[in-house]
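Visitor: If it helps, the file is called upload28.txt and holds compact mmCIF, C-alpha atoms and all ligand atoms:
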# COMPACT_ATOMS: atom_id res chain seq x y z
CA MET A 30 67.64 33.50 93.77
CA ALA A 31 66.86 36.63 91.73
CA ALA A 32 69.25 39.42 92.62
CA LYS A 33 67.94 42.81 93.71
CA ILE A 34 68.97 45.48 91.26
CA ILE A 35 70.97 48.31 92.78
CA ASP A 36 69.52 51.22 90.84
CA GLY A 37 72.34 53.67 90.09
CA LYS A 38 70.03 56.21 88.46
CA ALA A 39 67.78 56.41 91.51
CA ILE A 40 70.76 56.67 93.88
CA ALA A 41 72.37 59.34 91.69
CA ALA A 42 69.12 61.33 91.84
CA GLU A 43 69.10 61.09 95.66
CA VAL A 44 72.71 62.26 95.88
CA ARG A 45 72.06 65.07 93.41
CA GLU A 46 69.18 66.36 95.52
CA GLU A 47 71.45 66.45 98.60
CA LEU A 48 74.21 68.19 96.65
CA VAL A 49 71.90 70.82 95.15
CA LYS A 50 70.90 71.85 98.71
CA GLU A 51 74.57 71.96 99.76
CA LEU A 52 75.42 74.02 96.69
CA ALA A 53 72.73 76.59 97.58
CA GLU A 54 74.20 76.87 101.12
CA LEU A 55 77.70 77.32 99.73
CA LYS A 56 76.55 80.00 97.31
CA ALA A 57 74.76 81.79 100.15
CA ALA A 58 78.05 81.73 102.06
CA GLY A 59 79.80 83.44 99.14
CA ALA A 60 81.34 80.47 97.30
CA ASN A 61 80.96 79.92 93.59
CA PRO A 62 81.82 76.24 93.06
CA GLY A 63 82.87 75.13 89.61
CA ILE A 64 84.69 72.39 87.72
CA ALA A 65 87.25 72.78 84.94
CA THR A 66 87.97 69.97 82.51
CA LEU A 67 91.32 69.76 80.77
CA MET A 68 91.54 67.89 77.49
CA VAL A 69 94.37 67.73 74.94
CA GLY A 70 93.39 66.58 71.46
CA ASP A 71 90.09 65.04 70.43
CA ASP A 72 89.93 61.56 71.98
CA PHE A 73 86.34 60.33 71.58
CA GLY A 74 85.95 58.93 75.12
CA ALA A 75 87.47 62.02 76.73
CA GLY A 76 85.17 64.21 74.62
CA MET A 77 82.10 62.23 75.74
CA TYR A 78 83.14 62.59 79.38
CA ARG A 79 83.79 66.33 78.93
CA GLY A 80 80.29 66.80 77.49
CA ALA A 81 78.76 64.85 80.39
CA VAL A 82 80.57 67.03 82.95
CA GLU A 83 79.43 70.24 81.22
CA LYS A 84 75.86 68.91 81.16
CA PHE A 85 75.59 67.99 84.84
CA CYS A 86 77.31 71.24 85.88
CA GLY A 87 74.70 73.18 83.89
CA GLU A 88 71.84 71.14 85.34
CA MET A 89 73.01 71.48 88.95
CA GLY A 90 74.07 75.13 88.79
CA LEU A 91 77.79 74.38 89.18
CA GLY A 92 80.25 76.59 87.30
CA TYR A 93 82.09 75.03 84.37
CA ARG A 94 85.28 75.98 82.48
CA ASN A 95 86.34 74.07 79.39
CA GLU A 96 90.05 73.96 78.50
CA THR A 97 90.64 71.94 75.33
CA LEU A 98 94.08 72.23 73.74
CA PRO A 99 95.03 71.01 70.26
CA ALA A 100 96.66 67.56 69.92
CA ASP A 101 100.02 69.18 69.08
CA ALA A 102 100.13 71.34 72.24
CA THR A 103 103.44 71.12 74.08
CA GLU A 104 103.76 69.85 77.64
CA GLU A 105 104.76 73.38 78.71
CA GLN A 106 101.55 74.80 77.23
CA VAL A 107 99.41 72.22 79.00
CA VAL A 108 101.20 72.77 82.32
CA ALA A 109 100.69 76.55 81.90
CA VAL A 110 96.94 75.98 81.53
CA VAL A 111 96.88 73.85 84.69
CA LYS A 112 98.66 76.69 86.55
CA SER A 113 96.03 79.17 85.31
CA LEU A 114 93.26 76.82 86.53
CA ASN A 115 95.00 76.58 89.92
CA GLU A 116 94.81 80.40 90.16
CA ASP A 117 91.21 80.79 88.95
CA PRO A 118 88.87 81.39 91.95
CA ALA A 119 85.88 80.21 89.87
CA VAL A 120 87.52 76.79 89.47
CA SER A 121 87.14 74.70 92.64
CA GLY A 122 88.04 71.40 91.02
CA ILE A 123 90.20 70.36 88.06
CA LEU A 124 89.53 67.20 86.06
CA PRO A 125 92.22 66.13 83.57
CA LEU A 126 90.64 64.03 80.83
CA ARG A 127 93.09 61.46 79.50
CA PRO A 128 94.52 60.13 77.30
CA PHE A 129 96.98 62.93 76.56
CA PRO A 130 99.07 62.84 73.39
CA PRO A 131 102.52 61.22 73.75
CA GLN A 132 104.46 64.50 74.10
CA VAL A 133 102.45 65.38 77.25
CA SER A 134 103.26 63.20 80.24
CA ASP A 135 100.44 62.40 82.63
CA SER A 136 102.64 62.97 85.65
CA ALA A 137 103.79 66.44 84.51
CA VAL A 138 100.15 67.52 84.32
CA ILE A 139 98.91 65.73 87.42
CA ASN A 140 101.79 66.85 89.63
CA THR A 141 101.01 70.47 88.69
CA ILE A 142 97.38 70.34 89.84
CA ASP A 143 96.80 72.17 93.13
CA VAL A 144 96.18 69.32 95.60
CA GLY A 145 93.18 71.27 96.94
CA LYS A 146 91.58 71.21 93.47
CA ASP A 147 92.41 67.59 92.63
CA VAL A 148 88.79 66.39 92.83
CA ASP A 149 89.35 62.97 91.23
CA CYS A 150 92.35 62.06 93.42
CA PHE A 151 95.00 61.85 90.72
CA HIS A 152 97.80 63.70 92.53
CA PRO A 153 100.29 61.49 94.44
CA PHE A 154 99.64 63.57 97.59
CA ASN A 155 95.94 62.72 97.53
CA MET A 156 96.59 59.09 96.57
CA GLY A 157 98.98 58.98 99.56
CA LYS A 158 96.27 60.33 101.85
CA LEU A 159 93.88 57.70 100.52
CA THR A 160 96.47 55.02 101.28
CA LEU A 161 96.79 56.36 104.83
CA GLY A 162 93.03 56.16 105.25
CA GLU A 163 92.54 59.94 105.27
CA PRO A 164 91.21 60.71 101.78
CA THR A 165 90.26 64.34 101.16
CA TYR A 166 88.87 63.71 97.68
CA PRO A 167 88.28 59.99 97.21
CA PRO A 168 88.28 59.18 93.49
CA ALA A 169 84.90 59.38 91.81
CA THR A 170 84.39 55.88 90.38
CA PRO A 171 85.45 53.85 93.44
CA SER A 172 83.48 56.30 95.61
CA ALA A 173 80.45 55.62 93.45
CA CYS A 174 80.85 51.89 94.13
CA LEU A 175 81.05 52.49 97.88
CA GLU A 176 78.09 54.89 97.80
CA LEU A 177 75.96 52.32 95.97
CA LEU A 178 77.02 49.62 98.40
CA GLU A 179 76.34 51.74 101.49
CA ARG A 180 72.95 52.96 100.32
CA TYR A 181 71.94 49.46 99.25
CA LEU A 182 72.94 47.95 102.62
CA LYS A 183 71.10 50.73 104.50
CA SER A 184 67.99 50.16 102.38
CA GLU A 185 68.15 46.52 103.51
CA GLY A 186 68.23 47.66 107.14
CA LYS A 187 71.85 46.54 107.55
CA ASP A 188 74.63 48.15 109.60
CA VAL A 189 77.12 49.24 106.93
CA THR A 190 80.19 49.19 109.20
CA ALA A 191 79.40 45.72 110.50
CA GLU A 192 78.73 44.44 106.96
CA LEU A 193 82.06 45.73 105.62
CA GLU A 194 84.30 44.78 108.53
CA GLY A 195 85.91 41.46 107.79
CA ALA A 196 83.82 40.93 104.63
CA GLU A 197 85.60 39.16 101.80
CA ILE A 198 85.76 41.82 99.08
CA CYS A 199 87.40 40.96 95.79
CA VAL A 200 88.28 43.76 93.36
CA VAL A 201 88.99 42.62 89.81
CA GLY A 202 91.27 45.10 88.02
CA HIS A 203 94.14 47.12 89.51
CA SER A 204 94.21 50.31 87.46
CA ASN A 205 95.32 53.48 89.22
CA ILE A 206 91.95 55.15 88.69
CA VAL A 207 89.54 52.36 89.63
CA GLY A 208 90.81 49.00 90.92
CA LYS A 209 93.66 50.15 93.16
CA PRO A 210 91.82 53.04 94.90
CA MET A 211 88.72 50.83 95.21
CA ALA A 212 90.77 48.25 97.07
CA LEU A 213 92.14 50.98 99.35
CA LEU A 214 88.69 52.40 100.08
CA VAL A 215 87.36 49.04 101.25
CA LEU A 216 90.59 48.12 103.04
CA ASN A 217 90.16 51.39 104.94
CA ARG A 218 86.77 50.03 106.02
CA ASN A 219 88.44 46.89 107.38
CA ALA A 220 87.27 44.52 104.67
CA THR A 221 89.39 41.47 103.88
CA THR A 222 90.46 42.78 100.51
CA THR A 223 91.74 40.77 97.56
CA VAL A 224 92.89 42.39 94.33
CA SER A 225 92.97 40.27 91.18
CA HIS A 226 94.02 41.26 87.70
CA VAL A 227 95.16 39.95 84.36
CA PHE A 228 98.05 37.98 85.87
CA THR A 229 95.61 36.29 88.26
CA SER A 230 93.58 35.29 85.20
CA ASN A 231 96.68 34.15 83.32
CA ARG A 232 97.44 31.72 86.16
CA GLY A 233 93.88 30.42 86.02
CA ASN A 234 93.21 31.71 89.54
CA LEU A 235 90.55 34.36 88.90
CA ALA A 236 87.51 32.22 89.82
CA LYS A 237 89.22 31.05 93.02
CA HIS A 238 89.25 34.64 94.29
CA THR A 239 86.01 35.99 92.81
CA SER A 240 83.92 33.04 93.98
CA ALA A 241 85.12 33.51 97.57
CA ALA A 242 83.88 37.12 97.66
CA ASP A 243 80.89 38.33 99.66
CA ILE A 244 81.20 41.55 97.65
CA LEU A 245 82.67 41.51 94.16
CA VAL A 246 83.75 44.68 92.34
CA VAL A 247 84.70 44.23 88.69
CA ALA A 248 86.58 46.99 86.81
CA VAL A 249 88.30 45.41 83.85
CA GLY A 250 86.88 46.44 80.47
CA VAL A 251 86.27 42.88 79.22
CA PRO A 252 82.62 42.26 78.28
CA HIS A 253 81.02 39.53 80.42
CA LEU A 254 84.35 38.37 81.86
CA ILE A 255 82.50 37.31 85.01
CA GLY A 256 79.83 34.64 84.74
CA PRO A 257 77.84 32.78 87.41
CA ASP A 258 80.54 30.15 87.93
CA GLN A 259 82.86 32.88 89.24
CA VAL A 260 80.36 34.29 91.74
CA LYS A 261 79.46 33.11 95.24
CA GLU A 262 75.79 32.37 95.91
CA GLY A 263 74.27 35.50 97.51
CA ALA A 264 77.18 37.83 96.72
CA ILE A 265 76.73 41.55 96.07
CA VAL A 266 78.16 42.38 92.64
CA LEU A 267 79.23 45.87 91.52
CA ASP A 268 80.02 46.09 87.81
CA VAL A 269 82.17 49.08 86.81
CA GLY A 270 82.88 47.98 83.23
CA ILE A 271 81.46 49.91 80.29
CA ASN A 272 81.89 48.04 77.01
CA ARG A 273 80.37 48.82 73.63
CA VAL A 274 79.76 45.48 71.91
CA ILE A 275 78.13 44.09 68.78
CA VAL A 276 75.64 41.33 69.52
CA CYS A 277 75.62 38.55 66.92
CA PRO A 278 72.03 38.22 65.64
CA GLU A 279 72.57 34.47 65.02
CA CYS A 280 74.20 33.17 68.20
CA GLY A 281 74.14 36.12 70.64
CA THR A 282 77.94 36.21 71.02
CA LEU A 283 79.40 39.59 72.00
CA ASN A 284 81.86 40.92 69.41
CA ARG A 285 84.04 44.02 69.47
CA SER A 286 83.55 45.16 65.86
CA LYS A 287 81.01 45.06 63.05
CA LYS A 288 83.78 44.82 60.50
CA ASN A 289 84.63 41.15 61.10
CA PRO A 290 82.31 38.13 61.05
CA CYS A 291 81.08 36.81 64.41
CA LYS A 292 84.02 35.26 66.28
CA LYS A 293 81.87 32.24 67.25
CA CYS A 294 79.54 31.39 64.35
CA GLY A 295 80.97 33.48 61.50
CA ALA A 296 77.68 35.38 60.85
CA ASP A 297 77.81 38.75 59.08
CA LEU A 298 77.66 41.55 61.69
CA SER A 299 77.41 44.58 59.41
CA GLU A 300 73.74 45.15 60.35
CA ALA A 301 74.04 43.89 63.94
CA GLN A 302 72.96 45.99 66.94
CA GLN A 303 75.41 47.78 69.20
CA LYS A 304 74.88 47.49 72.93
CA THR A 305 76.55 48.65 76.15
CA VAL A 306 77.34 45.83 78.58
CA GLY A 307 79.39 45.46 81.73
CA ASP A 308 82.22 43.14 82.71
CA VAL A 309 79.65 40.90 84.40
CA ASP A 310 77.11 38.72 82.58
CA PHE A 311 74.18 40.53 84.19
CA GLU A 312 71.39 38.06 83.31
CA ALA A 313 73.24 34.93 84.32
CA VAL A 314 74.86 36.36 87.45
CA SER A 315 71.53 37.86 88.60
CA ALA A 316 70.31 34.31 89.18
CA LYS A 317 73.06 33.71 91.74
CA ALA A 318 73.91 37.07 93.37
CA SER A 319 71.78 38.71 96.07
CA ALA A 320 72.23 42.18 94.54
CA ILE A 321 73.83 43.55 91.40
CA THR A 322 74.39 46.86 89.59
CA PRO A 323 73.26 47.00 85.96
CA VAL A 324 75.22 48.47 83.04
CA PRO A 325 74.11 51.03 82.01
CA GLY A 326 72.30 52.54 84.98
CA GLY A 327 74.67 51.41 87.75
CA VAL A 328 78.07 52.72 88.84
CA GLY A 329 78.45 55.14 85.91
CA SER A 330 75.30 57.02 86.92
CA VAL A 331 76.71 57.82 90.37
CA THR A 332 80.30 58.62 89.33
CA ASN A 333 79.50 62.18 88.20
CA MET A 334 77.73 62.92 91.46
CA MET A 335 80.85 61.87 93.39
CA LEU A 336 82.86 64.32 91.29
CA ALA A 337 80.31 67.03 92.08
CA ARG A 338 80.48 66.14 95.80
CA ASN A 339 84.27 66.47 95.85
CA THR A 340 83.99 69.79 94.03
CA LEU A 341 81.68 71.14 96.72
CA ARG A 342 84.09 69.87 99.38
CA ALA A 343 86.93 71.67 97.61
CA ALA A 344 84.89 74.88 97.30
CA ARG A 345 84.08 74.74 101.02
CA ALA A 346 87.75 74.33 101.91
CA GLN A 347 88.72 77.18 99.56
CA LEU A 348 86.09 79.43 101.17
CA LYS A 349 87.83 79.02 104.53
CA LYS A 350 91.20 80.17 103.18
P1 LIG B 1 92.20 49.74 82.67
O1 LIG B 1 93.07 50.85 83.08
O2 LIG B 1 92.28 49.18 81.30
O3 LIG B 1 92.41 48.56 83.72
C1 LIG B 1 91.80 47.30 83.53
C2 LIG B 1 92.23 46.37 84.62
O4 LIG B 1 91.67 45.09 84.36
C3 LIG B 1 93.74 46.17 84.68
O5 LIG B 1 94.12 46.15 86.04
C4 LIG B 1 93.95 44.81 84.02
O6 LIG B 1 95.04 44.11 84.57
C5 LIG B 1 92.68 44.09 84.41
N1 LIG B 1 92.34 43.03 83.47
C6 LIG B 1 92.33 43.07 82.11
N2 LIG B 1 91.95 41.88 81.61
C7 LIG B 1 91.72 41.07 82.67
C8 LIG B 1 91.32 39.72 82.80
N3 LIG B 1 91.09 38.97 81.75
N4 LIG B 1 91.20 39.22 84.04
C9 LIG B 1 91.44 39.97 85.14
N5 LIG B 1 91.82 41.26 85.08
C10 LIG B 1 91.96 41.80 83.86
O7 LIG B 1 90.64 50.13 82.87
P2 LIG B 1 89.94 51.08 83.97
O8 LIG B 1 90.16 52.49 83.63
O9 LIG B 1 90.24 50.57 85.33
O10 LIG B 1 88.41 50.74 83.63
C11 LIG B 1 87.89 49.44 83.75
C12 LIG B 1 86.48 49.41 83.18
O11 LIG B 1 85.68 50.33 83.92
C13 LIG B 1 86.39 49.87 81.72
O12 LIG B 1 85.34 49.14 81.09
C14 LIG B 1 85.99 51.32 81.82
O13 LIG B 1 85.26 51.77 80.68
C15 LIG B 1 85.12 51.29 83.04
N6 LIG B 1 85.03 52.56 83.78
C16 LIG B 1 83.82 52.91 84.25
C17 LIG B 1 83.67 54.07 84.99
C18 LIG B 1 82.34 54.39 85.56
O14 LIG B 1 82.14 55.47 86.07
N7 LIG B 1 81.39 53.48 85.53
C19 LIG B 1 84.78 54.89 85.22
C20 LIG B 1 86.05 54.49 84.77
C21 LIG B 1 86.15 53.29 84.04
P3 LIG B 1 96.56 44.45 84.06
O15 LIG B 1 96.79 45.90 84.38
O16 LIG B 1 97.39 43.55 84.90
O17 LIG B 1 96.57 44.19 82.59
Just give me the structure as C-alpha cells.
Ligand code: NAP
Guide:
Amino acid sequence: MAAKIIDGKAIAAEVREELVKELAELKAAGANPGIATLMVGDDFGAGMYRGAVEKFCGEMGLGYRNETLPADATEEQVVAVVKSLNEDPAVSGILPLRPFPPQVSDSAVINTIDVGKDVDCFHPFNMGKLTLGEPTYPPATPSACLELLERYLKSEGKDVTAELEGAEICVVGHSNIVGKPMALLVLNRNATTTVSHVFTSNRGNLAKHTSAADILVVAVGVPHLIGPDQVKEGAIVLDVGINRVIVCPECGTLNRSKKNPCKKCGADLSEAQQKTVGDVDFEAVSAKASAITPVPGGVGSVTNMMLARNTLRAARAQLKK
C-alpha cells in the first residue's frame, strides 16, 4: 500500500483563506486583531518561531507586537511586560516563546497572561477547560493535527465523528504543549486514547501500543523513532517531530552533528548535507500506512494557522466586552 500524503501546505492555505475572510469581517465590526510574542534572550529556536509569527501576521493583515527582553531581564520585568500586553487593546493574543532564562519561571509568566489572550493554551485555566472538554483556545500544534485529520477524513468522504469515536489513537510523547493536550483533544472526541512516552520505550512496550493504533500521532523529537514495524497496516500517521539531522553520505544514517564521524560507519560528516526529518521514517512507513503527514510540509505548516484562528476567536470575544 502506498500511503496518501496529507498535504499540510495545501490545508494551511485553505485555512488561511477562511481566516482572511473572517479577519475582514472582524475589522469591519471594529476589531483590530493582533498577536504579541514574548521572548527573553536570544534562543535560536524561539527566534525562528518569532520571525515566522511576524511574517504570517504581516501576510494575513494581523497586527503584531514584538516584545524581546535581554537574557538578564528579571522575572519582575518580564511579568510587567506581560501585564502591559494584557492591557494593550491591539494585542488580542499573547504567545510566550520559551525557553526563558533560569531566573524567569515559566509559571510566573504563564499565570500572568490574561486567560482571554492565552491563544496557545498555556494557562492552567485554559488547560483545565481543555481537560473538561470545553477548550476556548485549543493549543496550536495538537489542533493542527486534528485539523489535518478532520480535513483528510472529509476529503475521503468519511464521517469524522464516526471515524474518531472508539478509534484506537496512540499519541507518542506526553509534553505539556503537544502530547498531553493532543491526547485530551482526541479523548474529548471519544477516541480510545493511549499515551506512550520514554518510559514506555524503556520497558520495550512502545511498538505494542503504536502498532495497535488506527491513528498514530508522534511528537517526540527523535529522528525516525517510528519505523514500519511499529505501525499497523492502513493506519493514519501524523508526524509532529521536527529534527535537523546530518545524513551520512556513505551509509545514509541520520546523525545529530557534523562534528563527529558517522555513528554507524565512521565516515567523515564535515561536508555532509543537513536535512529536516520527522519522528517517523516517512519513506518506509508510507509503504504500510494509509495516509501520512510529511516533514516538512505537514503539521508544522498548519500550526501557525491554528494560532491565527485562536487570535481571531480572542479578538471576537474581546469585541463583545
Ligand atoms: P518534548 O517536550 O521534548 O517532549 C518529547 C516527548 O517525547 C516527551 O514526552 C518524552 O517523554 C517523549 N520521548 C522522548 N524520547 C522518547 C522515546 N524514545 N520513546 C517514546 N517517547 C519518547 O518535545 P515537544 O515540545 O513535545 O516536541 C516534540 C517534537 O515535536 C519535537 O521534534 C519538536 O520540534 C516538534 N514540534 C513540532 C511542532 C509543529 O508545529 N510541527 C510544534 C511543537 C513541537 P519523557 O517526557 O517521558 O522523556
Visitor: How many Å lie between CA of Glu46 (chain A) and CA of Ala75 (chain A), rounded to one decimal?
Guide: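 Between CA of Glu46 (chain A) and CA of Ala75 (chain A) the gap works out to 26.6 Å.
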Visitor: Could you list, with a cut-off of 8 Å and counting all atoms listed in the file, the residues of chain A near ligand LIG 1 (chain B), each shown with its nearest atom pair and the distance in Å rounded to one decimal, rows sorted by chain and ascending number, as a tab-separated table?
Guide:
residue	atom	partner	partner_atom	distance
A:Ala169	CA	B:LIG1	O14	7.5
A:Thr170	CA	B:LIG1	O14	4.9
A:Ala173	CA	B:LIG1	O14	7.6
A:Val201	CA	B:LIG1	N5	5.7
A:Gly202	CA	B:LIG1	O5	3.6
A:His203	CA	B:LIG1	O5	3.6
A:Ser204	CA	B:LIG1	O5	4.4
A:Asn205	CA	B:LIG1	O9	7.0
A:Ile206	CA	B:LIG1	O9	5.9
A:Val207	CA	B:LIG1	O9	4.7
A:Gly208	CA	B:LIG1	O9	5.8
A:Ser225	CA	B:LIG1	C9	6.2
A:His226	CA	B:LIG1	N5	3.4
A:Val227	CA	B:LIG1	N5	3.7
A:Phe228	CA	B:LIG1	O16	5.7
A:Thr229	CA	B:LIG1	C9	6.4
A:Ser230	CA	B:LIG1	N4	4.7
A:Asn231	CA	B:LIG1	N4	7.5
A:Leu235	CA	B:LIG1	C9	6.8
A:Val247	CA	B:LIG1	C12	7.8
A:Ala248	CA	B:LIG1	C11	4.1
A:Val249	CA	B:LIG1	O4	3.4
A:Gly250	CA	B:LIG1	O12	3.2
A:Val251	CA	B:LIG1	N2	6.2
A:Pro252	CA	B:LIG1	O12	7.9
A:Leu254	CA	B:LIG1	N3	6.8
A:Asp268	CA	B:LIG1	N7	7.9
A:Val269	CA	B:LIG1	N7	4.6
A:Gly270	CA	B:LIG1	O12	3.5
A:Ile271	CA	B:LIG1	O12	4.0
A:Asn272	CA	B:LIG1	O12	5.5
A:Gly307	CA	B:LIG1	O12	7.0
A:Asp308	CA	B:LIG1	O12	7.0
A:Gly327	CA	B:LIG1	N7	7.4
A:Val328	CA	B:LIG1	N7	4.7
A:Gly329	CA	B:LIG1	N7	3.4
A:Ser330	CA	B:LIG1	O14	7.1
A:Val331	CA	B:LIG1	O14	7.3
A:Thr332	CA	B:LIG1	O14	4.9
A:Asn333	CA	B:LIG1	O14	7.5
Visitor: Please indicate the distance in Å from CA of Lys293 (chain A) to CA of Ile275 (chain A), rounded to one decimal place.
Guide: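 Computing the Euclidean distance for CA of Lys293 (chain A) and CA of Ile275 (chain A) yields 12.5 Å.
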Visitor: Per residue of region 160-229 of chain A within 8 Å of region 140-155 of chain A, note the shortest atom pair and the distance in Å to one decimal, counting only C-alpha atoms, and order the rows by chain and increasing residue number, as JSON lines.
Guide:
{"residue": "A:Pro164", "atom": "CA", "partner": "A:Asn155", "partner_atom": "CA", "distance": 6.7}
{"residue": "A:Thr165", "atom": "CA", "partner": "A:Asn155", "partner_atom": "CA", "distance": 6.9}
{"residue": "A:Tyr166", "atom": "CA", "partner": "A:Val148", "partner_atom": "CA", "distance": 5.5}
{"residue": "A:Pro167", "atom": "CA", "partner": "A:Cys150", "partner_atom": "CA", "distance": 5.9}
{"residue": "A:Pro168", "atom": "CA", "partner": "A:Asp149", "partner_atom": "CA", "distance": 4.5}
{"residue": "A:Ala169", "atom": "CA", "partner": "A:Asp149", "partner_atom": "CA", "distance": 5.7}
{"residue": "A:Ile206", "atom": "CA", "partner": "A:Phe151", "partner_atom": "CA", "distance": 7.6}
Visitor: Find, counting only C-alpha atoms, the residue in A:Leu55, A:Leu213, A:Ala316, A:Leu267 that gets nearest to Glu179 (chain A).
Guide: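 Comparing A:Leu55, A:Leu213, A:Ala316, A:Leu267 against Glu179 (chain A), the winner is A:Leu267.
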Visitor: In Å, rounded to a single decimal, give me how far CA of Leu336 (chain A) is from CA of Pro99 (chain A).
Guide: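 These atoms are spaced 25.2 Å apart.
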